[in-house]
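Everything below belongs to query_33.cif, which stores mmCIF, C-alpha atoms.
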data_target
#
loop_
_atom_site.group_PDB
_atom_site.id
_atom_site.type_symbol
_atom_site.label_atom_id
_atom_site.label_comp_id
_atom_site.auth_asym_id
_atom_site.auth_seq_id
_atom_site.Cartn_x
_atom_site.Cartn_y
_atom_site.Cartn_z
ATOM 1 C CA MET A 1398 -64.543 -44.137 -164.283
ATOM 2 C CA LYS A 1399 -62.121 -47.076 -163.960
ATOM 3 C CA LYS A 1400 -59.339 -44.892 -165.346
ATOM 4 C CA ILE A 1401 -59.998 -42.232 -162.703
ATOM 5 C CA ILE A 1402 -59.946 -44.790 -159.859
ATOM 6 C CA LEU A 1403 -56.774 -46.380 -161.247
ATOM 7 C CA SER A 1404 -55.107 -42.967 -161.520
ATOM 8 C CA LEU A 1405 -56.016 -42.098 -157.928
ATOM 9 C CA PHE A 1406 -54.661 -45.470 -156.749
ATOM 10 C CA THR A 1407 -51.460 -44.889 -158.663
ATOM 11 C CA LEU A 1408 -51.099 -41.390 -157.176
ATOM 12 C CA VAL A 1409 -51.714 -42.570 -153.600
ATOM 13 C CA SER A 1410 -49.319 -45.496 -154.067
ATOM 14 C CA GLY A 1411 -46.677 -43.143 -155.410
ATOM 15 C CA ILE A 1412 -47.065 -40.804 -152.441
ATOM 16 C CA TYR A 1413 -46.896 -43.690 -149.983
ATOM 17 C CA THR A 1414 -43.882 -45.180 -151.732
ATOM 18 C CA ALA A 1415 -42.122 -41.800 -151.827
ATOM 19 C CA GLN A 1416 -42.690 -41.383 -148.097
ATOM 20 C CA SER A 1417 -41.376 -44.861 -147.338
ATOM 21 C CA LEU A 1418 -38.281 -44.793 -149.529
ATOM 22 C CA ASN A 1419 -34.837 -43.744 -148.438
ATOM 23 C CA PRO A 1420 -33.713 -41.828 -151.566
ATOM 24 C CA THR A 1421 -30.104 -41.874 -152.663
ATOM 25 C CA GLU A 1422 -30.442 -38.781 -154.831
ATOM 26 C CA SER A 1423 -31.068 -35.174 -153.811
ATOM 27 C CA ILE A 1424 -34.697 -34.166 -153.278
ATOM 28 C CA SER A 1425 -35.426 -30.578 -154.229
ATOM 29 C CA VAL A 1426 -38.576 -28.713 -153.221
ATOM 30 C CA ALA A 1427 -39.213 -25.314 -154.767
ATOM 31 C CA GLY A 1428 -42.001 -23.458 -152.988
ATOM 32 C CA SER A 1429 -43.875 -20.265 -153.528
ATOM 33 C CA ALA A 1430 -43.895 -17.208 -151.309
ATOM 34 C CA ASP A 1431 -46.739 -18.819 -149.349
ATOM 35 C CA ASN A 1432 -44.485 -21.699 -148.252
ATOM 36 C CA PHE A 1433 -41.030 -20.117 -148.051
ATOM 37 C CA LYS A 1434 -39.684 -16.672 -147.431
ATOM 38 C CA GLY A 1435 -39.343 -14.887 -150.752
ATOM 39 C CA GLY A 1436 -40.541 -15.856 -154.176
ATOM 40 C CA TYR A 1437 -37.120 -17.186 -155.258
ATOM 41 C CA THR A 1438 -36.268 -19.069 -152.059
ATOM 42 C CA PHE A 1439 -35.958 -22.852 -152.119
ATOM 43 C CA ALA A 1440 -34.967 -25.692 -149.790
ATOM 44 C CA TYR A 1441 -33.622 -29.150 -150.433
ATOM 45 C CA VAL A 1442 -32.220 -32.104 -148.501
ATOM 46 C CA THR A 1443 -29.298 -34.290 -149.554
ATOM 47 C CA SER A 1444 -26.823 -36.647 -147.915
ATOM 48 C CA GLY A 1445 -23.147 -37.484 -147.962
ATOM 49 C CA THR A 1446 -21.666 -34.047 -147.153
ATOM 50 C CA PRO A 1447 -19.651 -32.863 -145.483
ATOM 51 C CA TRP A 1448 -19.121 -35.994 -143.316
ATOM 52 C CA ASN A 1449 -21.558 -38.752 -144.213
ATOM 53 C CA GLY A 1450 -24.514 -36.797 -142.920
ATOM 54 C CA SER A 1451 -27.638 -34.971 -144.081
ATOM 55 C CA LEU A 1452 -27.693 -31.510 -145.549
ATOM 56 C CA LEU A 1453 -30.486 -28.942 -145.545
ATOM 57 C CA SER A 1454 -30.027 -25.978 -147.878
ATOM 58 C CA PHE A 1455 -31.877 -22.686 -148.016
ATOM 59 C CA GLY A 1456 -31.226 -20.638 -151.119
ATOM 60 C CA GLY A 1457 -31.931 -17.341 -152.771
ATOM 61 C CA PHE A 1458 -31.992 -16.081 -156.321
ATOM 62 C CA ASN A 1459 -29.970 -18.189 -158.825
ATOM 63 C CA ASN A 1460 -28.324 -20.239 -156.042
ATOM 64 C CA SER A 1461 -26.073 -17.254 -155.283
ATOM 65 C CA TYR A 1462 -27.041 -16.506 -151.671
ATOM 66 C CA ASP A 1463 -27.441 -19.854 -149.913
ATOM 67 C CA THR A 1464 -27.088 -21.297 -146.423
ATOM 68 C CA GLN A 1465 -26.546 -24.993 -145.714
ATOM 69 C CA LEU A 1466 -27.221 -26.714 -142.385
ATOM 70 C CA SER A 1467 -25.550 -30.091 -141.886
ATOM 71 C CA ALA A 1468 -26.246 -32.847 -139.347
ATOM 72 C CA ASP A 1469 -23.475 -35.392 -139.703
ATOM 73 C CA TYR A 1470 -20.916 -37.733 -138.202
ATOM 74 C CA GLY A 1471 -17.445 -36.237 -138.069
ATOM 75 C CA PRO A 1472 -14.283 -37.853 -139.399
ATOM 76 C CA ASN A 1473 -13.037 -38.313 -135.819
ATOM 77 C CA GLY A 1474 -16.318 -39.636 -134.441
ATOM 78 C CA GLY A 1475 -19.136 -37.862 -132.652
ATOM 79 C CA SER A 1476 -22.110 -36.013 -134.071
ATOM 80 C CA HIS A 1477 -22.003 -32.482 -135.412
ATOM 81 C CA ILE A 1478 -24.344 -29.700 -136.453
ATOM 82 C CA SER A 1479 -22.689 -27.190 -138.784
ATOM 83 C CA PHE A 1480 -23.585 -24.474 -141.276
ATOM 84 C CA ARG A 1481 -21.951 -22.662 -144.179
ATOM 85 C CA THR A 1482 -22.888 -19.902 -146.614
ATOM 86 C CA ARG A 1483 -22.065 -18.598 -150.096
ATOM 87 C CA ASN A 1484 -22.550 -15.080 -151.367
ATOM 88 C CA GLY A 1485 -22.642 -14.050 -154.985
ATOM 89 C CA ASP A 1486 -20.887 -17.107 -156.428
ATOM 90 C CA ALA A 1487 -22.838 -20.334 -156.790
ATOM 91 C CA ASN A 1488 -19.623 -22.384 -156.993
ATOM 92 C CA VAL A 1489 -17.783 -20.971 -153.963
ATOM 93 C CA TRP A 1490 -18.832 -21.905 -150.421
ATOM 94 C CA ASN A 1491 -17.442 -20.388 -147.236
ATOM 95 C CA SER A 1492 -15.924 -22.739 -144.655
ATOM 96 C CA TRP A 1493 -18.083 -24.777 -142.298
ATOM 97 C CA ASN A 1494 -18.975 -23.307 -138.870
ATOM 98 C CA GLU A 1495 -19.686 -25.814 -136.125
ATOM 99 C CA LEU A 1496 -22.749 -25.035 -134.004
ATOM 100 C CA ALA A 1497 -22.795 -28.075 -131.722
ATOM 101 C CA THR A 1498 -20.848 -31.270 -131.110
ATOM 102 C CA LYS A 1499 -22.007 -34.419 -129.381
ATOM 103 C CA GLY A 1500 -19.304 -36.595 -127.898
ATOM 104 C CA ALA A 1501 -19.663 -39.461 -125.485
ATOM 105 C CA ASN A 1502 -21.931 -37.432 -123.221
ATOM 106 C CA ASP A 1503 -24.119 -34.440 -124.029
ATOM 107 C CA PHE A 1504 -24.054 -31.805 -126.743
ATOM 108 C CA ILE A 1505 -21.522 -29.084 -126.124
ATOM 109 C CA GLY A 1506 -22.394 -25.874 -127.895
ATOM 110 C CA LYS A 1507 -19.626 -24.297 -129.950
ATOM 111 C CA GLN A 1508 -19.976 -21.187 -132.042
ATOM 112 C CA THR A 1509 -17.582 -18.499 -133.194
ATOM 113 C CA ILE A 1510 -19.183 -15.108 -133.683
ATOM 114 C CA LYS A 1511 -17.329 -12.280 -135.409
ATOM 115 C CA GLY A 1512 -18.896 -9.112 -134.061
ATOM 116 C CA ASN A 1513 -21.245 -8.336 -131.205
ATOM 117 C CA LEU A 1514 -23.596 -10.840 -129.591
ATOM 118 C CA GLU A 1515 -26.774 -9.344 -128.166
ATOM 119 C CA VAL A 1516 -29.119 -11.452 -126.062
ATOM 120 C CA ASP A 1517 -32.626 -10.148 -125.502
ATOM 121 C CA GLY A 1518 -33.330 -12.314 -122.468
ATOM 122 C CA GLN A 1519 -31.372 -14.645 -120.192
ATOM 123 C CA LEU A 1520 -27.915 -16.052 -120.840
ATOM 124 C CA VAL A 1521 -27.650 -19.219 -118.726
ATOM 125 C CA SER A 1522 -24.772 -21.606 -117.995
ATOM 126 C CA GLN A 1523 -26.136 -24.578 -116.050
ATOM 127 C CA VAL A 1524 -23.851 -27.336 -114.748
ATOM 128 C CA SER A 1525 -24.635 -29.677 -111.840
ATOM 129 C CA SER A 1526 -21.269 -29.962 -110.044
ATOM 130 C CA ASN A 1527 -19.254 -28.329 -107.258
ATOM 131 C CA GLU A 1528 -17.873 -25.865 -109.823
ATOM 132 C CA GLY A 1529 -21.339 -25.191 -111.290
ATOM 133 C CA GLY A 1530 -22.132 -23.087 -114.323
ATOM 134 C CA PHE A 1531 -19.397 -20.714 -115.415
ATOM 135 C CA ILE A 1532 -18.442 -17.898 -117.771
ATOM 136 C CA ALA A 1533 -14.882 -17.863 -119.194
ATOM 137 C CA LEU A 1534 -13.147 -14.735 -120.517
ATOM 138 C CA GLU A 1535 -9.892 -15.317 -122.388
ATOM 139 C CA ASN A 1536 -7.275 -12.984 -123.854
ATOM 140 C CA PRO A 1537 -4.742 -14.930 -126.017
ATOM 141 C CA SER A 1538 -2.393 -11.937 -126.149
ATOM 142 C CA LYS A 1539 -1.606 -12.285 -122.416
ATOM 143 C CA THR A 1540 1.382 -14.646 -122.608
ATOM 144 C CA THR A 1541 3.886 -13.076 -120.201
ATOM 145 C CA PRO A 1542 4.555 -14.759 -116.820
ATOM 146 C CA ASN A 1543 2.259 -13.991 -113.890
ATOM 147 C CA THR A 1544 -0.536 -12.724 -116.130
ATOM 148 C CA ALA A 1545 -3.956 -14.343 -116.323
ATOM 149 C CA ARG A 1546 -4.811 -15.338 -119.873
ATOM 150 C CA ARG A 1547 -8.158 -16.675 -118.707
ATOM 151 C CA TRP A 1548 -10.602 -15.486 -116.038
ATOM 152 C CA THR A 1549 -13.473 -17.795 -115.115
ATOM 153 C CA ILE A 1550 -16.522 -16.948 -113.006
ATOM 154 C CA TYR A 1551 -18.010 -19.979 -111.210
ATOM 155 C CA ASN A 1552 -21.232 -20.508 -109.252
ATOM 156 C CA MET A 1553 -19.706 -22.911 -106.707
ATOM 157 C CA THR A 1554 -20.827 -25.194 -103.907
ATOM 158 C CA GLY A 1555 -19.520 -28.237 -102.005
ATOM 159 C CA HIS A 1556 -16.027 -27.866 -100.556
ATOM 160 C CA TYR A 1557 -15.701 -24.514 -102.335
ATOM 161 C CA GLY A 1558 -18.547 -23.075 -100.261
ATOM 162 C CA ASN A 1559 -21.793 -21.632 -101.617
ATOM 163 C CA SER A 1560 -20.400 -18.670 -103.490
ATOM 164 C CA LEU A 1561 -19.665 -16.857 -106.727
ATOM 165 C CA GLN A 1562 -15.903 -17.080 -107.322
ATOM 166 C CA PHE A 1563 -13.485 -15.440 -109.766
ATOM 167 C CA TRP A 1564 -10.571 -17.738 -110.725
ATOM 168 C CA ASN A 1565 -7.710 -17.087 -113.145
ATOM 169 C CA TYR A 1566 -5.300 -19.216 -115.162
ATOM 170 C CA SER A 1567 -1.990 -18.550 -116.930
ATOM 171 C CA SER A 1568 -1.281 -19.026 -120.638
ATOM 172 C CA ASP A 1569 0.164 -22.519 -119.990
ATOM 173 C CA GLY A 1570 -2.915 -23.587 -118.030
ATOM 174 C CA THR A 1571 -1.446 -23.067 -114.557
ATOM 175 C CA MET A 1572 -4.229 -22.447 -112.076
ATOM 176 C CA TYR A 1573 -3.570 -19.368 -109.965
ATOM 177 C CA GLY A 1574 -6.716 -19.988 -107.939
ATOM 178 C CA SER A 1575 -9.515 -17.903 -106.506
ATOM 179 C CA ARG A 1576 -9.052 -14.148 -106.459
ATOM 180 C CA LEU A 1577 -12.487 -12.919 -105.369
ATOM 181 C CA VAL A 1578 -15.262 -14.729 -103.470
ATOM 182 C CA LEU A 1579 -18.829 -13.474 -103.026
ATOM 183 C CA SER A 1580 -20.700 -15.766 -100.639
ATOM 184 C CA ASP A 1581 -24.405 -16.519 -100.987
ATOM 185 C CA THR A 1582 -24.945 -14.590 -97.731
ATOM 186 C CA GLY A 1583 -23.360 -11.419 -99.172
ATOM 187 C CA ASN A 1584 -19.903 -11.634 -97.580
ATOM 188 C CA MET A 1585 -16.890 -10.887 -99.786
ATOM 189 C CA ALA A 1586 -13.268 -12.034 -99.667
ATOM 190 C CA LEU A 1587 -10.578 -10.438 -101.857
ATOM 191 C CA TYR A 1588 -7.182 -12.152 -102.085
ATOM 192 C CA GLY A 1589 -5.091 -9.160 -103.067
ATOM 193 C CA LYS A 1590 -4.902 -5.398 -102.625
ATOM 194 C CA PHE A 1591 -7.995 -3.190 -102.617
ATOM 195 C CA GLU A 1592 -7.948 0.376 -103.904
ATOM 196 C CA ALA A 1593 -10.858 2.812 -104.026
ATOM 197 C CA ASN A 1594 -11.396 6.533 -104.433
ATOM 198 C CA GLU A 1595 -14.011 6.403 -101.699
ATOM 199 C CA MET A 1596 -15.230 3.787 -99.238
ATOM 200 C CA LYS A 1597 -18.214 4.029 -96.881
ATOM 201 C CA VAL A 1598 -18.596 1.775 -93.834
ATOM 202 C CA THR A 1599 -21.965 1.862 -92.095
ATOM 203 C CA LEU A 1600 -21.835 0.783 -88.465
ATOM 204 C CA THR A 1601 -23.646 1.794 -85.263
ATOM 205 C CA PRO A 1602 -23.239 2.879 -82.552
ATOM 206 C CA THR A 1603 -20.461 5.418 -83.034
ATOM 207 C CA ALA A 1604 -18.038 6.606 -80.324
ATOM 208 C CA ASP A 1605 -19.900 9.760 -79.264
ATOM 209 C CA PHE A 1606 -20.811 8.028 -75.992
ATOM 210 C CA VAL A 1607 -17.395 9.200 -74.761
ATOM 211 C CA PHE A 1608 -18.763 12.759 -74.483
ATOM 212 C CA ASP A 1609 -21.691 11.687 -72.332
ATOM 213 C CA GLU A 1610 -21.486 13.164 -68.828
ATOM 214 C CA GLN A 1611 -21.920 9.673 -67.339
ATOM 215 C CA TYR A 1612 -18.948 8.248 -69.258
ATOM 216 C CA ASP A 1613 -16.253 6.899 -66.974
ATOM 217 C CA LEU A 1614 -13.085 8.320 -68.469
ATOM 218 C CA PRO A 1615 -10.161 6.019 -67.673
ATOM 219 C CA LYS A 1616 -7.554 7.504 -65.376
ATOM 220 C CA LEU A 1617 -4.271 8.260 -67.106
ATOM 221 C CA GLU A 1618 -2.466 6.265 -64.441
ATOM 222 C CA ALA A 1619 -4.513 3.166 -65.387
ATOM 223 C CA VAL A 1620 -3.815 3.745 -69.084
ATOM 224 C CA GLU A 1621 -0.103 4.073 -68.346
ATOM 225 C CA LYS A 1622 -0.103 0.819 -66.357
ATOM 226 C CA HIS A 1623 -1.928 -1.070 -69.147
ATOM 227 C CA ILE A 1624 0.541 0.193 -71.759
ATOM 228 C CA ARG A 1625 3.535 -0.877 -69.624
ATOM 229 C CA GLU A 1626 2.124 -4.374 -69.102
ATOM 230 C CA LYS A 1627 0.358 -5.105 -72.423
ATOM 231 C CA LYS A 1628 2.312 -2.912 -74.856
ATOM 232 C CA HIS A 1629 -0.885 -1.642 -76.532
ATOM 233 C CA LEU A 1630 -3.811 0.670 -75.750
ATOM 234 C CA PRO A 1631 -6.763 -0.597 -73.686
ATOM 235 C CA GLU A 1632 -9.632 -2.048 -75.809
ATOM 236 C CA ILE A 1633 -7.352 -2.168 -78.864
ATOM 237 C CA ALA A 1634 -6.164 -5.542 -80.150
ATOM 238 C CA SER A 1635 -2.464 -6.310 -80.014
ATOM 239 C CA ALA A 1636 -0.315 -6.568 -83.127
ATOM 240 C CA LYS A 1637 -0.230 -10.374 -82.844
ATOM 241 C CA GLU A 1638 -4.037 -10.549 -82.655
ATOM 242 C CA MET A 1639 -4.364 -8.333 -85.731
ATOM 243 C CA GLU A 1640 -1.914 -10.474 -87.698
ATOM 244 C CA LYS A 1641 -3.775 -13.650 -86.732
ATOM 245 C CA GLU A 1642 -7.412 -12.548 -86.890
ATOM 246 C CA GLY A 1643 -7.277 -9.530 -89.181
ATOM 247 C CA VAL A 1644 -9.011 -6.238 -88.480
ATOM 248 C CA ASN A 1645 -12.673 -5.325 -88.744
ATOM 249 C CA ILE A 1646 -12.313 -1.900 -90.365
ATOM 250 C CA GLY A 1647 -15.624 -0.518 -89.125
ATOM 251 C CA GLU A 1648 -15.152 -1.569 -85.503
ATOM 252 C CA PHE A 1649 -11.486 -0.593 -85.538
ATOM 253 C CA GLN A 1650 -12.264 2.898 -86.814
ATOM 254 C CA ILE A 1651 -14.817 3.404 -84.032
ATOM 255 C CA LYS A 1652 -12.330 2.209 -81.416
ATOM 256 C CA LEU A 1653 -9.736 4.632 -82.761
ATOM 257 C CA LEU A 1654 -12.322 7.421 -82.672
ATOM 258 C CA GLN A 1655 -13.117 6.483 -79.068
ATOM 259 C CA LYS A 1656 -9.437 6.844 -78.148
ATOM 260 C CA ILE A 1657 -9.205 10.175 -79.985
ATOM 261 C CA GLU A 1658 -12.253 11.480 -78.101
ATOM 262 C CA GLU A 1659 -10.773 10.275 -74.799
ATOM 263 C CA LEU A 1660 -7.504 11.995 -75.706
ATOM 264 C CA THR A 1661 -9.485 15.170 -76.441
ATOM 265 C CA LEU A 1662 -11.047 15.049 -72.962
ATOM 266 C CA TYR A 1663 -7.595 14.546 -71.425
ATOM 267 C CA THR A 1664 -6.305 17.541 -73.382
ATOM 268 C CA ILE A 1665 -9.244 19.725 -72.294
ATOM 269 C CA GLU A 1666 -8.668 18.765 -68.656
ATOM 270 C CA LEU A 1667 -4.945 19.393 -68.996
ATOM 271 C CA ASN A 1668 -5.640 22.801 -70.564
ATOM 272 C CA LYS A 1669 -7.836 23.745 -67.600
ATOM 273 C CA GLN A 1670 -5.068 22.800 -65.223
ATOM 274 C CA VAL A 1671 -2.484 24.804 -67.170
ATOM 275 C CA LYS A 1672 -4.726 27.914 -67.179
ATOM 276 C CA LYS A 1673 -5.372 27.560 -63.451
ATOM 277 C CA GLN A 1674 -1.668 27.236 -62.738
ATOM 278 C CA ALA A 1675 -0.951 30.279 -64.922
ATOM 279 C CA GLU A 1676 -3.481 32.325 -62.942
ATOM 280 C CA GLU A 1677 -1.934 31.184 -59.642
ATOM 281 C CA ILE A 1678 1.537 32.141 -60.903
ATOM 282 C CA GLU A 1679 0.319 35.645 -61.789
ATOM 283 C CA VAL A 1680 -1.104 36.037 -58.299
ATOM 284 C CA LEU A 1681 2.193 34.954 -56.725
ATOM 285 C CA LYS A 1682 4.089 37.438 -58.936
ATOM 286 C CA LYS A 1683 1.894 40.302 -57.780
ATOM 287 C CA ILE A 1684 2.402 39.379 -54.126
ATOM 288 C CA LYS A 1685 6.145 39.189 -54.597
ATOM 289 C CA ASN A 1686 6.344 42.592 -56.303
ATOM 290 C CA LYS A 1687 4.499 44.449 -53.552
#
Encoded form (structure tokens):
Amino acid sequence: MKKIILSLFTLVSGIYTAQSLNPTESISVAGSADNFKGGYTFAYVTSGTPWNGSLLSFGGFNNSYDTQLSADYGPNGGSHISFRTRNGDANVWNSWNELATKGANDFIGKQTIKGNLEVDGQLVSQVSSNEGGFIALENPSKTTPNTARRWTIYNMTGHYGNSLQFWNYSSDGTMYGSRLVLSDTGNMALYGKFEANEMKVTLTPTADFVFDEQYDLPKLEAVEKHIREKKHLPEIASAKEMEKEGVNIGEFQIKLLQKIEELTLYTIELNKQVKKQAEEIEVLKKIKNK
């Protein structure tokens, strides 16, 4: 009985000591399929590689298909989380891939993916600043002058205004600035040319009120006087105003339509007068020939 108690005490002491120690050698744990994925899979923890850190390895059959995850301190300072793999050769490891780096502030994620990245859920960039979270798209082959190597989409605030903005930068880091702004209220500003196969502007009312019988069609004499004095059509902004304030396309199109409809009424009235004069001329010809 004493031997059993002594053995149990020794076992418990050994477990407690093992949990309290900071081992200097590698600790290997080989588990069954109930504890790890696959009957031949194992995991172990070591220290000292690659940069004075801790290493967690997950392996397959005969150490030939392994993955190592390292939490360490880099040679240039800061903390790092990295991984590497080996396939088919127990003595040859692929290079380390850095997952995250912690500098003086917070962790900054860093990962290079060769192939497609598919996210089944949200992809979020969250930064509390005037520039806000952003997505950067870079093309290293764009090195010629006046080409944007990098496009960045920002969710901005502060002096930038509450908006989603598209900025671009040259290959040498020169900031070209904002190219497209979508405000939080839905307004859009494009700093460049706009080309489209089709554009639809929805605006009411239209200019059909000109054809209403109660519409007061301006006298041509009044239109002539306005043109002589102002050098532009009535109800149409001058060239200087357009250059300074820009043009509201929807409103401008309706104003132009209004003037076209007024011109149509003038033409109809003029046509009536011409027909009446032609009839009077025919009457005068008949009287003269009698």
Convert the output of the PyMOL selection byres ((chain A and resi 1655) around 10) on the shown file into explicit residues, formatted as a ChimeraX atom specification.
-> /A:1603-1608,1632,1649-1654,1656-1661
Quick one: residues within 10 Å of region 1565-1572 of chain A, all atoms listed in the file counted, chain neighbours fewer than 4 positions away excluded, as a PDB file with C-alpha atoms, keeping the file's coordinate frame?
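Written file, part-v8.pdb:
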ATOM      1  CA  ALA A1533     -14.882 -17.863-119.194  1.00  0.00           C
ATOM      2  CA  LEU A1534     -13.147 -14.735-120.517  1.00  0.00           C
ATOM      3  CA  GLU A1535      -9.892 -15.317-122.388  1.00  0.00           C
ATOM      4  CA  ASN A1536      -7.275 -12.984-123.854  1.00  0.00           C
ATOM      5  CA  PRO A1537      -4.742 -14.930-126.017  1.00  0.00           C
ATOM      6  CA  SER A1538      -2.393 -11.937-126.149  1.00  0.00           C
ATOM      7  CA  LYS A1539      -1.606 -12.285-122.416  1.00  0.00           C
ATOM      8  CA  THR A1540       1.382 -14.646-122.608  1.00  0.00           C
ATOM      9  CA  THR A1541       3.886 -13.076-120.201  1.00  0.00           C
ATOM     10  CA  PRO A1542       4.555 -14.759-116.820  1.00  0.00           C
ATOM     11  CA  ASN A1543       2.259 -13.991-113.890  1.00  0.00           C
ATOM     12  CA  THR A1544      -0.536 -12.724-116.130  1.00  0.00           C
ATOM     13  CA  ALA A1545      -3.956 -14.343-116.323  1.00  0.00           C
ATOM     14  CA  ARG A1546      -4.811 -15.338-119.873  1.00  0.00           C
ATOM     15  CA  ARG A1547      -8.158 -16.675-118.707  1.00  0.00           C
ATOM     16  CA  TRP A1548     -10.602 -15.486-116.038  1.00  0.00           C
ATOM     17  CA  THR A1549     -13.473 -17.795-115.115  1.00  0.00           C
ATOM     18  CA  ILE A1550     -16.522 -16.948-113.006  1.00  0.00           C
ATOM     19  CA  ARG A1576      -9.052 -14.148-106.459  1.00  0.00           C
TER      20      ARG A1576
END
Rounded to one decimal place, report the CA of Leu1514 (chain A)-CA of Met1553 (chain A) distance in Å.
-> 26.2 Å
Rounded to one decimal in Å, what is the spacing between CA of Phe1563 (chain A) and CA of Tyr1551 (chain A)?
->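 CA of Phe1563 (chain A) sits 6.6 Å away from CA of Tyr1551 (chain A).
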Evaluate the PyMOL selection byres ((chain A and resi 1561) around 7) and report residues as a ChimeraX atom specification | /A:1551-1553,1560,1562,1578-1580
Can you work out which one of A:Val1671, A:Leu1466, A:Asn1513, A:Pro1615 has the shortest atom-to-atom distance to Leu1630 (chain A), counting only C-alpha atoms?
->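 Comparing A:Val1671, A:Leu1466, A:Asn1513, A:Pro1615 against Leu1630 (chain A), the winner is A:Pro1615.
Taking CA of Phe1531 (chain A) as the reference point, CA of Tyr1557 (chain A) is found at 14.1 Å.
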Please rebuild region 1540-1551 of chain A with N, CA, C and O atoms and return the result as a PDB file, keeping the file's coordinate frame.
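Saved file part-v8.pdb follows:
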ATOM      1  N   THR A1540       0.498 -13.473-122.627  1.00  0.00           N
ATOM      2  CA  THR A1540       1.382 -14.646-122.608  1.00  0.00           C
ATOM      3  C   THR A1540       2.562 -14.478-121.665  1.00  0.00           C
ATOM      4  O   THR A1540       3.313 -15.435-121.453  1.00  0.00           O
ATOM      5  N   THR A1541       2.755 -13.299-121.097  1.00  0.00           N
ATOM      6  CA  THR A1541       3.886 -13.076-120.201  1.00  0.00           C
ATOM      7  C   THR A1541       3.630 -13.753-118.854  1.00  0.00           C
ATOM      8  O   THR A1541       2.478 -13.989-118.473  1.00  0.00           O
ATOM      9  N   PRO A1542       4.718 -14.090-118.119  1.00  0.00           N
ATOM     10  CA  PRO A1542       4.555 -14.759-116.820  1.00  0.00           C
ATOM     11  C   PRO A1542       3.736 -13.920-115.842  1.00  0.00           C
ATOM     12  O   PRO A1542       3.748 -12.685-115.895  1.00  0.00           O
ATOM     13  N   ASN A1543       3.040 -14.610-114.960  1.00  0.00           N
ATOM     14  CA  ASN A1543       2.259 -13.991-113.890  1.00  0.00           C
ATOM     15  C   ASN A1543       1.121 -13.108-114.414  1.00  0.00           C
ATOM     16  O   ASN A1543       0.715 -12.150-113.755  1.00  0.00           O
ATOM     17  N   THR A1544       0.657 -13.397-115.619  1.00  0.00           N
ATOM     18  CA  THR A1544      -0.536 -12.724-116.130  1.00  0.00           C
ATOM     19  C   THR A1544      -1.607 -13.773-116.393  1.00  0.00           C
ATOM     20  O   THR A1544      -1.302 -14.897-116.788  1.00  0.00           O
ATOM     21  N   ALA A1545      -2.844 -13.398-116.183  1.00  0.00           N
ATOM     22  CA  ALA A1545      -3.956 -14.343-116.323  1.00  0.00           C
ATOM     23  C   ALA A1545      -4.527 -14.260-117.735  1.00  0.00           C
ATOM     24  O   ALA A1545      -5.178 -13.287-118.095  1.00  0.00           O
ATOM     25  N   ARG A1546      -4.241 -15.277-118.524  1.00  0.00           N
ATOM     26  CA  ARG A1546      -4.811 -15.338-119.873  1.00  0.00           C
ATOM     27  C   ARG A1546      -6.317 -15.565-119.806  1.00  0.00           C
ATOM     28  O   ARG A1546      -7.070 -15.053-120.631  1.00  0.00           O
ATOM     29  N   ARG A1547      -6.738 -16.327-118.812  1.00  0.00           N
ATOM     30  CA  ARG A1547      -8.158 -16.675-118.707  1.00  0.00           C
ATOM     31  C   ARG A1547      -8.699 -16.373-117.312  1.00  0.00           C
ATOM     32  O   ARG A1547      -8.103 -16.729-116.310  1.00  0.00           O
ATOM     33  N   TRP A1548      -9.843 -15.687-117.266  1.00  0.00           N
ATOM     34  CA  TRP A1548     -10.602 -15.486-116.038  1.00  0.00           C
ATOM     35  C   TRP A1548     -11.900 -16.274-116.166  1.00  0.00           C
ATOM     36  O   TRP A1548     -12.563 -16.239-117.204  1.00  0.00           O
ATOM     37  N   THR A1549     -12.255 -16.994-115.108  1.00  0.00           N
ATOM     38  CA  THR A1549     -13.473 -17.795-115.115  1.00  0.00           C
ATOM     39  C   THR A1549     -14.302 -17.470-113.877  1.00  0.00           C
ATOM     40  O   THR A1549     -13.771 -17.419-112.760  1.00  0.00           O
ATOM     41  N   ILE A1550     -15.588 -17.247-114.090  1.00  0.00           N
ATOM     42  CA  ILE A1550     -16.522 -16.948-113.006  1.00  0.00           C
ATOM     43  C   ILE A1550     -17.381 -18.188-112.769  1.00  0.00           C
ATOM     44  O   ILE A1550     -18.085 -18.639-113.670  1.00  0.00           O
ATOM     45  N   TYR A1551     -17.298 -18.745-111.554  1.00  0.00           N
ATOM     46  CA  TYR A1551     -18.010 -19.979-111.210  1.00  0.00           C
ATOM     47  C   TYR A1551     -19.118 -19.701-110.189  1.00  0.00           C
ATOM     48  O   TYR A1551     -18.940 -18.870-109.290  1.00  0.00           O
TER      49      TYR A1551
END
